[in-house]
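Chemist: If you scroll down you'll find the structure; I have some questions about it.
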Amino acid sequence: MFELQRFVADCRAAHAEDRSHKAVREVLARAVAEPRSVLKGLGEPQRAEVQKLYHSAELTILNVIWAPRMTIYPHNHRMWAVIGIYTGREDNIFWRRLPGGKVEAAGAQSLSEREAVPLGPEIIHSVTNPIARLTGAIHVYGGDFFAAERSEWDPESLTEQRYDSAKTMRYFEEANRSWPTTSVTRT
């Protein structure tokens, strides 16, 4: 059974043992290998949101719930991350910087239930939930996710700007207002 406090303790111990993402990725991979257990431990996703599960200067653990067909614009973290999907699917587009602050698409990866994958500290990505139900993912970051100076890129012009966390949270709320009116399935 997934127990949040045990999971946090295991992530902290793994990070203390190895400051890279590798040991933490193994802890997260074990957790999402049993998605029903994670659902019981965290609860069935009900709405798009970002839930803080653990936060320190060295490690941040979030439960990110994506609304159906929700897409978030390109952004970076400036620290490594490991993403584990416990329900649904997440599609990532990876971007590379161009001269002048713009980005262009450089690759993509689809993540499904039971997968845990690392993202390096220099990765720029956007995320889409391509399915008609909520997607739940545990995100573990190798640092203070909330204090890091980060960037986001305008979805139309693809120009760089300072990351605005309040704007991102408004975006999740907008997704919550719009998705019940679309033809989607709740989990």
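So you can find residues: chains in the structure tokens are A, B, ... in the order shown, residues in each start at 1, and ligands are numbered from 1 in order.
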Hey, what does DSSP flag as strand (DSSP E or B) within chain A? Can you give it to me as a VMD selection string?

Modeler: chain A and resid 49 to 55 60 to 66 71 to 76 81 to 87 89 to 97 102 to 112 116 to 119 124 to 128 135 to 141 151 to 153 159 to 162

Chemist: Quick one: residues within 12 Å of region 160-172 of chain A, only C-alpha atoms, excluding same-chain residues fewer than 3 positions away - as a PDB file with N, CA, C and O atoms, in the first residue's frame?

Modeler:
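Output saved as around_25.pdb:
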ATOM      1  N   ARG A  47      -9.999  16.971  -9.703  1.00  0.00           N
ATOM      2  CA  ARG A  47      -9.883  18.240 -10.409  1.00  0.00           C
ATOM      3  C   ARG A  47      -8.425  18.504 -10.766  1.00  0.00           C
ATOM      4  O   ARG A  47      -7.531  17.918 -10.155  1.00  0.00           O
ATOM      5  N   ALA A  48      -8.213  19.363 -11.748  1.00  0.00           N
ATOM      6  CA  ALA A  48      -6.848  19.760 -12.111  1.00  0.00           C
ATOM      7  C   ALA A  48      -6.274  20.604 -10.978  1.00  0.00           C
ATOM      8  O   ALA A  48      -6.924  21.542 -10.502  1.00  0.00           O
ATOM      9  N   GLU A  49      -5.062  20.261 -10.559  1.00  0.00           N
ATOM     10  CA  GLU A  49      -4.424  21.018  -9.487  1.00  0.00           C
ATOM     11  C   GLU A  49      -2.989  20.556  -9.292  1.00  0.00           C
ATOM     12  O   GLU A  49      -2.566  19.534  -9.827  1.00  0.00           O
ATOM     13  N   VAL A  50      -2.279  21.322  -8.493  1.00  0.00           N
ATOM     14  CA  VAL A  50      -0.928  20.977  -8.076  1.00  0.00           C
ATOM     15  C   VAL A  50      -0.962  20.898  -6.558  1.00  0.00           C
ATOM     16  O   VAL A  50      -1.187  21.902  -5.890  1.00  0.00           O
ATOM     17  N   GLN A  51      -0.756  19.695  -6.035  1.00  0.00           N
ATOM     18  CA  GLN A  51      -0.765  19.481  -4.589  1.00  0.00           C
ATOM     19  C   GLN A  51       0.668  19.331  -4.097  1.00  0.00           C
ATOM     20  O   GLN A  51       1.412  18.492  -4.612  1.00  0.00           O
ATOM     21  N   VAL A  64       0.591  16.259  -9.364  1.00  0.00           N
ATOM     22  CA  VAL A  64       0.073  17.125 -10.421  1.00  0.00           C
ATOM     23  C   VAL A  64      -1.065  16.395 -11.117  1.00  0.00           C
ATOM     24  O   VAL A  64      -0.882  15.282 -11.621  1.00  0.00           O
ATOM     25  N   ILE A  65      -2.237  17.026 -11.134  1.00  0.00           N
ATOM     26  CA  ILE A  65      -3.412  16.468 -11.786  1.00  0.00           C
ATOM     27  C   ILE A  65      -3.714  17.340 -13.004  1.00  0.00           C
ATOM     28  O   ILE A  65      -3.981  18.541 -12.874  1.00  0.00           O
ATOM     29  N   TRP A  66      -3.650  16.723 -14.192  1.00  0.00           N
ATOM     30  CA  TRP A  66      -3.915  17.424 -15.447  1.00  0.00           C
ATOM     31  C   TRP A  66      -5.364  17.198 -15.859  1.00  0.00           C
ATOM     32  O   TRP A  66      -5.843  16.064 -15.858  1.00  0.00           O
ATOM     33  N   ALA A  67      -6.054  18.272 -16.223  1.00  0.00           N
ATOM     34  CA  ALA A  67      -7.421  18.164 -16.744  1.00  0.00           C
ATOM     35  C   ALA A  67      -7.388  17.488 -18.115  1.00  0.00           C
ATOM     36  O   ALA A  67      -6.364  17.505 -18.803  1.00  0.00           O
ATOM     37  N   PRO A  68      -8.498  16.889 -18.525  1.00  0.00           N
ATOM     38  CA  PRO A  68      -8.554  16.305 -19.861  1.00  0.00           C
ATOM     39  C   PRO A  68      -8.190  17.321 -20.936  1.00  0.00           C
ATOM     40  O   PRO A  68      -8.657  18.464 -20.911  1.00  0.00           O
ATOM     41  N   ARG A  69      -7.321  16.920 -21.818  1.00  0.00           N
ATOM     42  CA  ARG A  69      -6.879  17.700 -22.973  1.00  0.00           C
ATOM     43  C   ARG A  69      -6.218  19.036 -22.592  1.00  0.00           C
ATOM     44  O   ARG A  69      -6.070  19.925 -23.419  1.00  0.00           O
ATOM     45  N   MET A  70      -5.787  19.140 -21.370  1.00  0.00           N
ATOM     46  CA  MET A  70      -5.082  20.340 -20.894  1.00  0.00           C
ATOM     47  C   MET A  70      -3.662  20.357 -21.450  1.00  0.00           C
ATOM     48  O   MET A  70      -2.991  19.331 -21.491  1.00  0.00           O
ATOM     49  N   THR A  71      -3.206  21.528 -21.870  1.00  0.00           N
ATOM     50  CA  THR A  71      -1.829  21.713 -22.330  1.00  0.00           C
ATOM     51  C   THR A  71      -1.225  22.893 -21.593  1.00  0.00           C
ATOM     52  O   THR A  71      -1.842  23.954 -21.501  1.00  0.00           O
ATOM     53  N   ILE A  72      -0.031  22.696 -21.064  1.00  0.00           N
ATOM     54  CA  ILE A  72       0.696  23.788 -20.408  1.00  0.00           C
ATOM     55  C   ILE A  72       1.871  24.171 -21.307  1.00  0.00           C
ATOM     56  O   ILE A  72       2.513  23.323 -21.901  1.00  0.00           O
ATOM     57  N   TYR A  73       2.105  25.447 -21.433  1.00  0.00           N
ATOM     58  CA  TYR A  73       3.103  26.038 -22.321  1.00  0.00           C
ATOM     59  C   TYR A  73       4.523  25.607 -21.959  1.00  0.00           C
ATOM     60  O   TYR A  73       4.782  25.109 -20.866  1.00  0.00           O
ATOM     61  N   PRO A  74       5.472  25.798 -22.863  1.00  0.00           N
ATOM     62  CA  PRO A  74       6.864  25.420 -22.571  1.00  0.00           C
ATOM     63  C   PRO A  74       7.397  26.139 -21.327  1.00  0.00           C
ATOM     64  O   PRO A  74       7.123  27.331 -21.126  1.00  0.00           O
ATOM     65  N   HIS A  75       8.134  25.391 -20.523  1.00  0.00           N
ATOM     66  CA  HIS A  75       8.728  25.934 -19.297  1.00  0.00           C
ATOM     67  C   HIS A  75       9.938  25.083 -18.916  1.00  0.00           C
ATOM     68  O   HIS A  75      10.126  23.996 -19.444  1.00  0.00           O
ATOM     69  N   ASN A  76      10.730  25.599 -18.008  1.00  0.00           N
ATOM     70  CA  ASN A  76      11.857  24.823 -17.493  1.00  0.00           C
ATOM     71  C   ASN A  76      11.750  24.730 -15.983  1.00  0.00           C
ATOM     72  O   ASN A  76      10.892  25.373 -15.369  1.00  0.00           O
ATOM     73  N   HIS A  77      12.608  23.907 -15.373  1.00  0.00           N
ATOM     74  CA  HIS A  77      12.617  23.748 -13.924  1.00  0.00           C
ATOM     75  C   HIS A  77      13.933  24.202 -13.305  1.00  0.00           C
ATOM     76  O   HIS A  77      13.984  24.492 -12.126  1.00  0.00           O
ATOM     77  N   ARG A  78      15.000  24.175 -14.101  1.00  0.00           N
ATOM     78  CA  ARG A  78      16.363  24.499 -13.648  1.00  0.00           C
ATOM     79  C   ARG A  78      16.839  23.609 -12.512  1.00  0.00           C
ATOM     80  O   ARG A  78      17.621  24.021 -11.649  1.00  0.00           O
ATOM     81  N   TRP A  95      11.775  21.094 -26.014  1.00  0.00           N
ATOM     82  CA  TRP A  95      12.124  22.279 -26.800  1.00  0.00           C
ATOM     83  C   TRP A  95      13.597  22.587 -26.651  1.00  0.00           C
ATOM     84  O   TRP A  95      14.190  22.315 -25.607  1.00  0.00           O
ATOM     85  N   ARG A  96      14.185  23.193 -27.672  1.00  0.00           N
ATOM     86  CA  ARG A  96      15.566  23.668 -27.580  1.00  0.00           C
ATOM     87  C   ARG A  96      15.575  25.174 -27.810  1.00  0.00           C
ATOM     88  O   ARG A  96      14.765  25.708 -28.578  1.00  0.00           O
ATOM     89  N   ARG A  97      16.517  25.810 -27.131  1.00  0.00           N
ATOM     90  CA  ARG A  97      16.670  27.263 -27.246  1.00  0.00           C
ATOM     91  C   ARG A  97      17.227  27.643 -28.606  1.00  0.00           C
ATOM     92  O   ARG A  97      18.101  26.971 -29.137  1.00  0.00           O
ATOM     93  N   LEU A  98      16.751  28.771 -29.116  1.00  0.00           N
ATOM     94  CA  LEU A  98      17.275  29.363 -30.338  1.00  0.00           C
ATOM     95  C   LEU A  98      17.879  30.713 -29.983  1.00  0.00           C
ATOM     96  O   LEU A  98      17.543  31.295 -28.942  1.00  0.00           O
ATOM     97  N   PRO A  99      18.731  31.246 -30.815  1.00  0.00           N
ATOM     98  CA  PRO A  99      19.236  32.596 -30.560  1.00  0.00           C
ATOM     99  C   PRO A  99      18.055  33.572 -30.457  1.00  0.00           C
ATOM    100  O   PRO A  99      17.063  33.444 -31.169  1.00  0.00           O
ATOM    101  N   GLY A 100      18.152  34.516 -29.556  1.00  0.00           N
ATOM    102  CA  GLY A 100      17.098  35.508 -29.398  1.00  0.00           C
ATOM    103  C   GLY A 100      16.036  35.137 -28.383  1.00  0.00           C
ATOM    104  O   GLY A 100      15.060  35.858 -28.216  1.00  0.00           O
ATOM    105  N   GLY A 101      16.194  34.004 -27.686  1.00  0.00           N
ATOM    106  CA  GLY A 101      15.262  33.663 -26.612  1.00  0.00           C
ATOM    107  C   GLY A 101      14.078  32.805 -27.007  1.00  0.00           C
ATOM    108  O   GLY A 101      13.286  32.433 -26.151  1.00  0.00           O
ATOM    109  N   LYS A 102      13.925  32.515 -28.278  1.00  0.00           N
ATOM    110  CA  LYS A 102      12.827  31.644 -28.695  1.00  0.00           C
ATOM    111  C   LYS A 102      13.218  30.183 -28.530  1.00  0.00           C
ATOM    112  O   LYS A 102      14.382  29.863 -28.299  1.00  0.00           O
ATOM    113  N   VAL A 103      12.216  29.303 -28.676  1.00  0.00           N
ATOM    114  CA  VAL A 103      12.452  27.867 -28.655  1.00  0.00           C
ATOM    115  C   VAL A 103      11.796  27.225 -29.864  1.00  0.00           C
ATOM    116  O   VAL A 103      10.905  27.809 -30.489  1.00  0.00           O
ATOM    117  N   GLU A 104      12.289  26.017 -30.187  1.00  0.00           N
ATOM    118  CA  GLU A 104      11.652  25.222 -31.234  1.00  0.00           C
ATOM    119  C   GLU A 104      11.532  23.790 -30.725  1.00  0.00           C
ATOM    120  O   GLU A 104      12.349  23.335 -29.914  1.00  0.00           O
ATOM    121  N   ILE A 124      13.627  21.898 -21.319  1.00  0.00           N
ATOM    122  CA  ILE A 124      12.468  22.776 -21.516  1.00  0.00           C
ATOM    123  C   ILE A 124      11.392  21.868 -22.106  1.00  0.00           C
ATOM    124  O   ILE A 124      11.647  21.155 -23.077  1.00  0.00           O
ATOM    125  N   PHE A 145      11.517  23.719  -5.709  1.00  0.00           N
ATOM    126  CA  PHE A 145      10.752  24.030  -6.911  1.00  0.00           C
ATOM    127  C   PHE A 145      10.146  25.434  -6.857  1.00  0.00           C
ATOM    128  O   PHE A 145      10.047  26.109  -7.868  1.00  0.00           O
ATOM    129  N   PHE A 146       9.759  25.876  -5.673  1.00  0.00           N
ATOM    130  CA  PHE A 146       9.049  27.149  -5.530  1.00  0.00           C
ATOM    131  C   PHE A 146       9.975  28.359  -5.450  1.00  0.00           C
ATOM    132  O   PHE A 146       9.534  29.481  -5.663  1.00  0.00           O
ATOM    133  N   ALA A 147      11.251  28.149  -5.172  1.00  0.00           N
ATOM    134  CA  ALA A 147      12.188  29.265  -5.048  1.00  0.00           C
ATOM    135  C   ALA A 147      13.061  29.456  -6.285  1.00  0.00           C
ATOM    136  O   ALA A 147      13.683  30.506  -6.437  1.00  0.00           O
ATOM    137  N   ALA A 148      13.102  28.470  -7.154  1.00  0.00           N
ATOM    138  CA  ALA A 148      13.987  28.536  -8.327  1.00  0.00           C
ATOM    139  C   ALA A 148      13.524  29.606  -9.311  1.00  0.00           C
ATOM    140  O   ALA A 148      12.328  29.743  -9.572  1.00  0.00           O
ATOM    141  N   GLU A 149      14.488  30.351  -9.836  1.00  0.00           N
ATOM    142  CA  GLU A 149      14.201  31.300 -10.916  1.00  0.00           C
ATOM    143  C   GLU A 149      14.054  30.495 -12.193  1.00  0.00           C
ATOM    144  O   GLU A 149      14.985  29.809 -12.605  1.00  0.00           O
ATOM    145  N   ARG A 150      12.888  30.540 -12.791  1.00  0.00           N
ATOM    146  CA  ARG A 150      12.617  29.717 -13.961  1.00  0.00           C
ATOM    147  C   ARG A 150      12.060  30.572 -15.094  1.00  0.00           C
ATOM    148  O   ARG A 150      11.731  31.730 -14.902  1.00  0.00           O
ATOM    149  N   SER A 151      11.933  29.938 -16.259  1.00  0.00           N
ATOM    150  CA  SER A 151      11.385  30.620 -17.434  1.00  0.00           C
ATOM    151  C   SER A 151      10.192  29.852 -17.977  1.00  0.00           C
ATOM    152  O   SER A 151      10.039  28.652 -17.744  1.00  0.00           O
ATOM    153  N   GLU A 152       9.363  30.577 -18.700  1.00  0.00           N
ATOM    154  CA  GLU A 152       8.286  29.991 -19.493  1.00  0.00           C
ATOM    155  C   GLU A 152       8.333  30.673 -20.851  1.00  0.00           C
ATOM    156  O   GLU A 152       8.945  31.735 -20.997  1.00  0.00           O
ATOM    157  N   TRP A 153       7.721  30.056 -21.820  1.00  0.00           N
ATOM    158  CA  TRP A 153       7.726  30.595 -23.169  1.00  0.00           C
ATOM    159  C   TRP A 153       6.294  30.808 -23.615  1.00  0.00           C
ATOM    160  O   TRP A 153       5.436  29.935 -23.421  1.00  0.00           O
ATOM    161  N   ASP A 154       6.031  31.976 -24.187  1.00  0.00           N
ATOM    162  CA  ASP A 154       4.704  32.309 -24.670  1.00  0.00           C
ATOM    163  C   ASP A 154       4.247  31.251 -25.675  1.00  0.00           C
ATOM    164  O   ASP A 154       5.004  30.914 -26.602  1.00  0.00           O
ATOM    165  N   PRO A 155       3.021  30.708 -25.539  1.00  0.00           N
ATOM    166  CA  PRO A 155       2.597  29.636 -26.433  1.00  0.00           C
ATOM    167  C   PRO A 155       2.426  30.054 -27.895  1.00  0.00           C
ATOM    168  O   PRO A 155       2.496  29.212 -28.787  1.00  0.00           O
ATOM    169  N   GLU A 156       2.235  31.334 -28.162  1.00  0.00           N
ATOM    170  CA  GLU A 156       2.090  31.791 -29.551  1.00  0.00           C
ATOM    171  C   GLU A 156       3.413  32.227 -30.164  1.00  0.00           C
ATOM    172  O   GLU A 156       3.804  31.762 -31.222  1.00  0.00           O
ATOM    173  N   SER A 157       4.113  33.114 -29.475  1.00  0.00           N
ATOM    174  CA  SER A 157       5.354  33.653 -30.045  1.00  0.00           C
ATOM    175  C   SER A 157       6.581  32.809 -29.715  1.00  0.00           C
ATOM    176  O   SER A 157       7.624  32.975 -30.345  1.00  0.00           O
ATOM    177  N   ALA A 175      -8.802  25.445 -16.519  1.00  0.00           N
ATOM    178  CA  ALA A 175      -9.020  24.083 -17.029  1.00  0.00           C
ATOM    179  C   ALA A 175     -10.143  23.400 -16.254  1.00  0.00           C
ATOM    180  O   ALA A 175     -10.969  22.694 -16.836  1.00  0.00           O
ATOM    181  N   ASN A 176     -10.205  23.628 -14.946  1.00  0.00           N
ATOM    182  CA  ASN A 176     -11.284  23.045 -14.140  1.00  0.00           C
ATOM    183  C   ASN A 176     -12.647  23.600 -14.543  1.00  0.00           C
ATOM    184  O   ASN A 176     -13.633  22.863 -14.567  1.00  0.00           O
ATOM    185  N   ARG A 177     -12.695  24.884 -14.841  1.00  0.00           N
ATOM    186  CA  ARG A 177     -13.974  25.484 -15.250  1.00  0.00           C
ATOM    187  C   ARG A 177     -14.435  24.981 -16.608  1.00  0.00           C
ATOM    188  O   ARG A 177     -15.627  24.849 -16.842  1.00  0.00           O
ATOM    189  N   SER A 178     -13.506  24.690 -17.500  1.00  0.00           N
ATOM    190  CA  SER A 178     -13.900  24.328 -18.860  1.00  0.00           C
ATOM    191  C   SER A 178     -14.106  22.835 -19.072  1.00  0.00           C
ATOM    192  O   SER A 178     -14.917  22.443 -19.888  1.00  0.00           O
ATOM    193  N   TRP A 179     -13.393  21.981 -18.350  1.00  0.00           N
ATOM    194  CA  TRP A 179     -13.476  20.562 -18.695  1.00  0.00           C
ATOM    195  C   TRP A 179     -14.783  19.883 -18.364  1.00  0.00           C
ATOM    196  O   TRP A 179     -15.194  18.998 -19.108  1.00  0.00           O
TER     197      TRP A 179
END

Chemist: Rounded to one decimal place, report the CA of Glu113 (chain A)-CA of His55 (chain A) distance in Å.

Modeler: 24.4 Å

Chemist: Need the shell around Tyr54 (chain A): protein/DNA/RNA residues with any atom at most 10 Å away, counting only C-alpha atoms. Skip same-chain ones fewer than 5 positions apart. Format as a ChimeraX atom specification?

Modeler: /A:4-5,8-9,12,59-63,140

Chemist: Pull all heavy atoms from the residues just selected and write them as a PDB file, in the first residue's frame.

Modeler:
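Output contents, as saved in again.pdb:
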ATOM      1  N   LEU A   4       1.996   7.878   1.962  1.00  0.00           N
ATOM      2  CA  LEU A   4       2.672   9.121   1.605  1.00  0.00           C
ATOM      3  C   LEU A   4       3.893   9.383   2.472  1.00  0.00           C
ATOM      4  O   LEU A   4       4.970   9.691   1.943  1.00  0.00           O
ATOM      5  CB  LEU A   4       1.698  10.304   1.665  1.00  0.00           C
ATOM      6  CG  LEU A   4       2.303  11.662   1.318  1.00  0.00           C
ATOM      7  CD1 LEU A   4       2.914  11.664  -0.077  1.00  0.00           C
ATOM      8  CD2 LEU A   4       1.258  12.756   1.466  1.00  0.00           C
ATOM      9  N   GLN A   5       3.772   9.259   3.785  1.00  0.00           N
ATOM     10  CA  GLN A   5       4.906   9.558   4.654  1.00  0.00           C
ATOM     11  C   GLN A   5       6.089   8.619   4.384  1.00  0.00           C
ATOM     12  O   GLN A   5       7.235   9.033   4.395  1.00  0.00           O
ATOM     13  CB  GLN A   5       4.481   9.502   6.125  1.00  0.00           C
ATOM     14  CG  GLN A   5       3.460  10.569   6.495  1.00  0.00           C
ATOM     15  CD  GLN A   5       3.892  11.977   6.083  1.00  0.00           C
ATOM     16  OE1 GLN A   5       5.040  12.382   6.248  1.00  0.00           O
ATOM     17  NE2 GLN A   5       2.964  12.744   5.522  1.00  0.00           N
ATOM     18  N   VAL A   8       7.680   9.726   1.028  1.00  0.00           N
ATOM     19  CA  VAL A   8       8.506  10.921   1.226  1.00  0.00           C
ATOM     20  C   VAL A   8       9.818  10.545   1.912  1.00  0.00           C
ATOM     21  O   VAL A   8      10.901  10.971   1.486  1.00  0.00           O
ATOM     22  CB  VAL A   8       7.741  12.003   2.021  1.00  0.00           C
ATOM     23  CG1 VAL A   8       8.671  13.124   2.455  1.00  0.00           C
ATOM     24  CG2 VAL A   8       6.576  12.552   1.196  1.00  0.00           C
ATOM     25  N   ALA A   9       9.740   9.726   2.943  1.00  0.00           N
ATOM     26  CA  ALA A   9      10.956   9.309   3.654  1.00  0.00           C
ATOM     27  C   ALA A   9      11.889   8.542   2.716  1.00  0.00           C
ATOM     28  O   ALA A   9      13.111   8.754   2.742  1.00  0.00           O
ATOM     29  CB  ALA A   9      10.590   8.451   4.866  1.00  0.00           C
ATOM     30  N   ARG A  12      13.537  11.027   0.344  1.00  0.00           N
ATOM     31  CA  ARG A  12      14.566  11.802   1.048  1.00  0.00           C
ATOM     32  C   ARG A  12      15.819  10.969   1.277  1.00  0.00           C
ATOM     33  O   ARG A  12      16.936  11.456   1.076  1.00  0.00           O
ATOM     34  CB  ARG A  12      14.016  12.324   2.368  1.00  0.00           C
ATOM     35  CG  ARG A  12      12.932  13.387   2.168  1.00  0.00           C
ATOM     36  CD  ARG A  12      12.389  13.899   3.474  1.00  0.00           C
ATOM     37  NE  ARG A  12      13.449  14.600   4.193  1.00  0.00           N
ATOM     38  CZ  ARG A  12      13.429  14.810   5.505  1.00  0.00           C
ATOM     39  NH1 ARG A  12      12.430  14.390   6.247  1.00  0.00           N
ATOM     40  NH2 ARG A  12      14.424  15.458   6.070  1.00  0.00           N
ATOM     41  N   LEU A  59      14.531  19.095  -1.925  1.00  0.00           N
ATOM     42  CA  LEU A  59      13.618  18.187  -2.608  1.00  0.00           C
ATOM     43  C   LEU A  59      12.191  18.726  -2.541  1.00  0.00           C
ATOM     44  O   LEU A  59      11.761  19.210  -1.486  1.00  0.00           O
ATOM     45  CB  LEU A  59      13.677  16.823  -1.905  1.00  0.00           C
ATOM     46  CG  LEU A  59      13.298  15.579  -2.668  1.00  0.00           C
ATOM     47  CD1 LEU A  59      14.238  15.326  -3.843  1.00  0.00           C
ATOM     48  CD2 LEU A  59      13.300  14.377  -1.740  1.00  0.00           C
ATOM     49  N   THR A  60      11.476  18.643  -3.652  1.00  0.00           N
ATOM     50  CA  THR A  60      10.062  19.014  -3.702  1.00  0.00           C
ATOM     51  C   THR A  60       9.307  17.860  -4.352  1.00  0.00           C
ATOM     52  O   THR A  60       9.742  17.336  -5.375  1.00  0.00           O
ATOM     53  CB  THR A  60       9.845  20.303  -4.524  1.00  0.00           C
ATOM     54  OG1 THR A  60      10.650  21.347  -3.972  1.00  0.00           O
ATOM     55  CG2 THR A  60       8.387  20.718  -4.531  1.00  0.00           C
ATOM     56  N   ILE A  61       8.193  17.483  -3.724  1.00  0.00           N
ATOM     57  CA  ILE A  61       7.355  16.407  -4.270  1.00  0.00           C
ATOM     58  C   ILE A  61       5.949  16.963  -4.455  1.00  0.00           C
ATOM     59  O   ILE A  61       5.344  17.478  -3.503  1.00  0.00           O
ATOM     60  CB  ILE A  61       7.337  15.174  -3.350  1.00  0.00           C
ATOM     61  CG1 ILE A  61       8.761  14.684  -3.083  1.00  0.00           C
ATOM     62  CG2 ILE A  61       6.468  14.069  -3.963  1.00  0.00           C
ATOM     63  CD1 ILE A  61       8.862  13.573  -2.049  1.00  0.00           C
ATOM     64  N   LEU A  62       5.447  16.851  -5.691  1.00  0.00           N
ATOM     65  CA  LEU A  62       4.119  17.367  -6.027  1.00  0.00           C
ATOM     66  C   LEU A  62       3.258  16.255  -6.603  1.00  0.00           C
ATOM     67  O   LEU A  62       3.754  15.345  -7.264  1.00  0.00           O
ATOM     68  CB  LEU A  62       4.233  18.483  -7.079  1.00  0.00           C
ATOM     69  CG  LEU A  62       5.131  19.664  -6.754  1.00  0.00           C
ATOM     70  CD1 LEU A  62       5.193  20.607  -7.947  1.00  0.00           C
ATOM     71  CD2 LEU A  62       4.632  20.392  -5.517  1.00  0.00           C
ATOM     72  N   ASN A  63       1.956  16.378  -6.386  1.00  0.00           N
ATOM     73  CA  ASN A  63       0.973  15.554  -7.064  1.00  0.00           C
ATOM     74  C   ASN A  63       0.311  16.478  -8.083  1.00  0.00           C
ATOM     75  O   ASN A  63      -0.401  17.406  -7.707  1.00  0.00           O
ATOM     76  CB  ASN A  63      -0.059  15.011  -6.069  1.00  0.00           C
ATOM     77  CG  ASN A  63      -1.067  14.099  -6.718  1.00  0.00           C
ATOM     78  OD1 ASN A  63      -0.805  13.499  -7.759  1.00  0.00           O
ATOM     79  ND2 ASN A  63      -2.233  13.982  -6.106  1.00  0.00           N
ATOM     80  N   VAL A 140       8.806  14.676  -8.718  1.00  0.00           N
ATOM     81  CA  VAL A 140       9.828  14.883  -7.691  1.00  0.00           C
ATOM     82  C   VAL A 140      10.921  15.748  -8.302  1.00  0.00           C
ATOM     83  O   VAL A 140      11.427  15.441  -9.387  1.00  0.00           O
ATOM     84  CB  VAL A 140      10.412  13.546  -7.188  1.00  0.00           C
ATOM     85  CG1 VAL A 140      11.420  13.803  -6.065  1.00  0.00           C
ATOM     86  CG2 VAL A 140       9.310  12.595  -6.722  1.00  0.00           C
TER      87      VAL A 140
END

Chemist: Provide the CA of Ser20 (chain A) to CA of Ile138 (chain A) distance in Å, to one decimal place.

Modeler: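 Computing the Euclidean distance for CA of Ser20 (chain A) and CA of Ile138 (chain A) yields 17.5 Å.
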
Chemist: Looking at A:Ala81, A:Ala31, A:Asp144, A:His125, which one is nearest to Lys52 (chain A), with distances taken over only C-alpha atoms?

Modeler: A:Asp144

Chemist: If we count only C-alpha atoms and set the cut-off at 9 Å, which residues sit around Val117 (chain A), ignoring sequence neighbours fewer than 3 positions away in its own chain? Please answer as a PDB file with all heavy atoms, in the first residue's frame.

Modeler:
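Saved result, around-v9.pdb, follows:
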ATOM      1  N   ARG A  25      14.433   8.167  -8.776  1.00  0.00           N
ATOM      2  CA  ARG A  25      13.652   7.573  -9.865  1.00  0.00           C
ATOM      3  C   ARG A  25      13.244   6.141  -9.522  1.00  0.00           C
ATOM      4  O   ARG A  25      12.127   5.711  -9.801  1.00  0.00           O
ATOM      5  CB  ARG A  25      14.443   7.580 -11.171  1.00  0.00           C
ATOM      6  CG  ARG A  25      13.587   7.149 -12.345  1.00  0.00           C
ATOM      7  CD  ARG A  25      14.391   6.294 -13.347  1.00  0.00           C
ATOM      8  NE  ARG A  25      13.488   5.562 -14.204  1.00  0.00           N
ATOM      9  CZ  ARG A  25      13.035   4.332 -13.944  1.00  0.00           C
ATOM     10  NH1 ARG A  25      13.385   3.699 -12.856  1.00  0.00           N
ATOM     11  NH2 ARG A  25      12.215   3.731 -14.770  1.00  0.00           N
ATOM     12  N   ALA A  29       9.521   4.855  -9.385  1.00  0.00           N
ATOM     13  CA  ALA A  29       9.144   3.754 -10.277  1.00  0.00           C
ATOM     14  C   ALA A  29       8.459   2.637  -9.494  1.00  0.00           C
ATOM     15  O   ALA A  29       7.455   2.075  -9.962  1.00  0.00           O
ATOM     16  CB  ALA A  29      10.373   3.234 -11.023  1.00  0.00           C
ATOM     17  N   ALA A  81      14.207  16.560 -12.528  1.00  0.00           N
ATOM     18  CA  ALA A  81      12.875  16.136 -12.107  1.00  0.00           C
ATOM     19  C   ALA A  81      12.688  14.680 -12.492  1.00  0.00           C
ATOM     20  O   ALA A  81      13.330  14.183 -13.419  1.00  0.00           O
ATOM     21  CB  ALA A  81      11.802  16.989 -12.780  1.00  0.00           C
ATOM     22  N   VAL A  82      11.821  14.005 -11.771  1.00  0.00           N
ATOM     23  CA  VAL A  82      11.387  12.663 -12.138  1.00  0.00           C
ATOM     24  C   VAL A  82       9.864  12.686 -12.098  1.00  0.00           C
ATOM     25  O   VAL A  82       9.269  13.147 -11.119  1.00  0.00           O
ATOM     26  CB  VAL A  82      11.938  11.581 -11.188  1.00  0.00           C
ATOM     27  CG1 VAL A  82      11.486  10.193 -11.647  1.00  0.00           C
ATOM     28  CG2 VAL A  82      13.447  11.638 -11.106  1.00  0.00           C
ATOM     29  N   ILE A  83       9.248  12.215 -13.179  1.00  0.00           N
ATOM     30  CA  ILE A  83       7.792  12.231 -13.304  1.00  0.00           C
ATOM     31  C   ILE A  83       7.308  10.793 -13.364  1.00  0.00           C
ATOM     32  O   ILE A  83       7.790  10.004 -14.178  1.00  0.00           O
ATOM     33  CB  ILE A  83       7.361  12.989 -14.568  1.00  0.00           C
ATOM     34  CG1 ILE A  83       7.842  14.435 -14.485  1.00  0.00           C
ATOM     35  CG2 ILE A  83       5.849  12.921 -14.766  1.00  0.00           C
ATOM     36  CD1 ILE A  83       7.726  15.199 -15.775  1.00  0.00           C
ATOM     37  N   GLY A  84       6.346  10.459 -12.501  1.00  0.00           N
ATOM     38  CA  GLY A  84       5.766   9.119 -12.480  1.00  0.00           C
ATOM     39  C   GLY A  84       4.259   9.210 -12.654  1.00  0.00           C
ATOM     40  O   GLY A  84       3.589   9.902 -11.897  1.00  0.00           O
ATOM     41  N   LEU A 111       4.143   9.513 -21.834  1.00  0.00           N
ATOM     42  CA  LEU A 111       4.278   8.786 -20.575  1.00  0.00           C
ATOM     43  C   LEU A 111       2.928   8.198 -20.213  1.00  0.00           C
ATOM     44  O   LEU A 111       1.922   8.902 -20.218  1.00  0.00           O
ATOM     45  CB  LEU A 111       4.747   9.708 -19.449  1.00  0.00           C
ATOM     46  CG  LEU A 111       5.996  10.532 -19.716  1.00  0.00           C
ATOM     47  CD1 LEU A 111       6.303  11.433 -18.532  1.00  0.00           C
ATOM     48  CD2 LEU A 111       7.159   9.628 -20.027  1.00  0.00           C
TER      49      LEU A 111
END
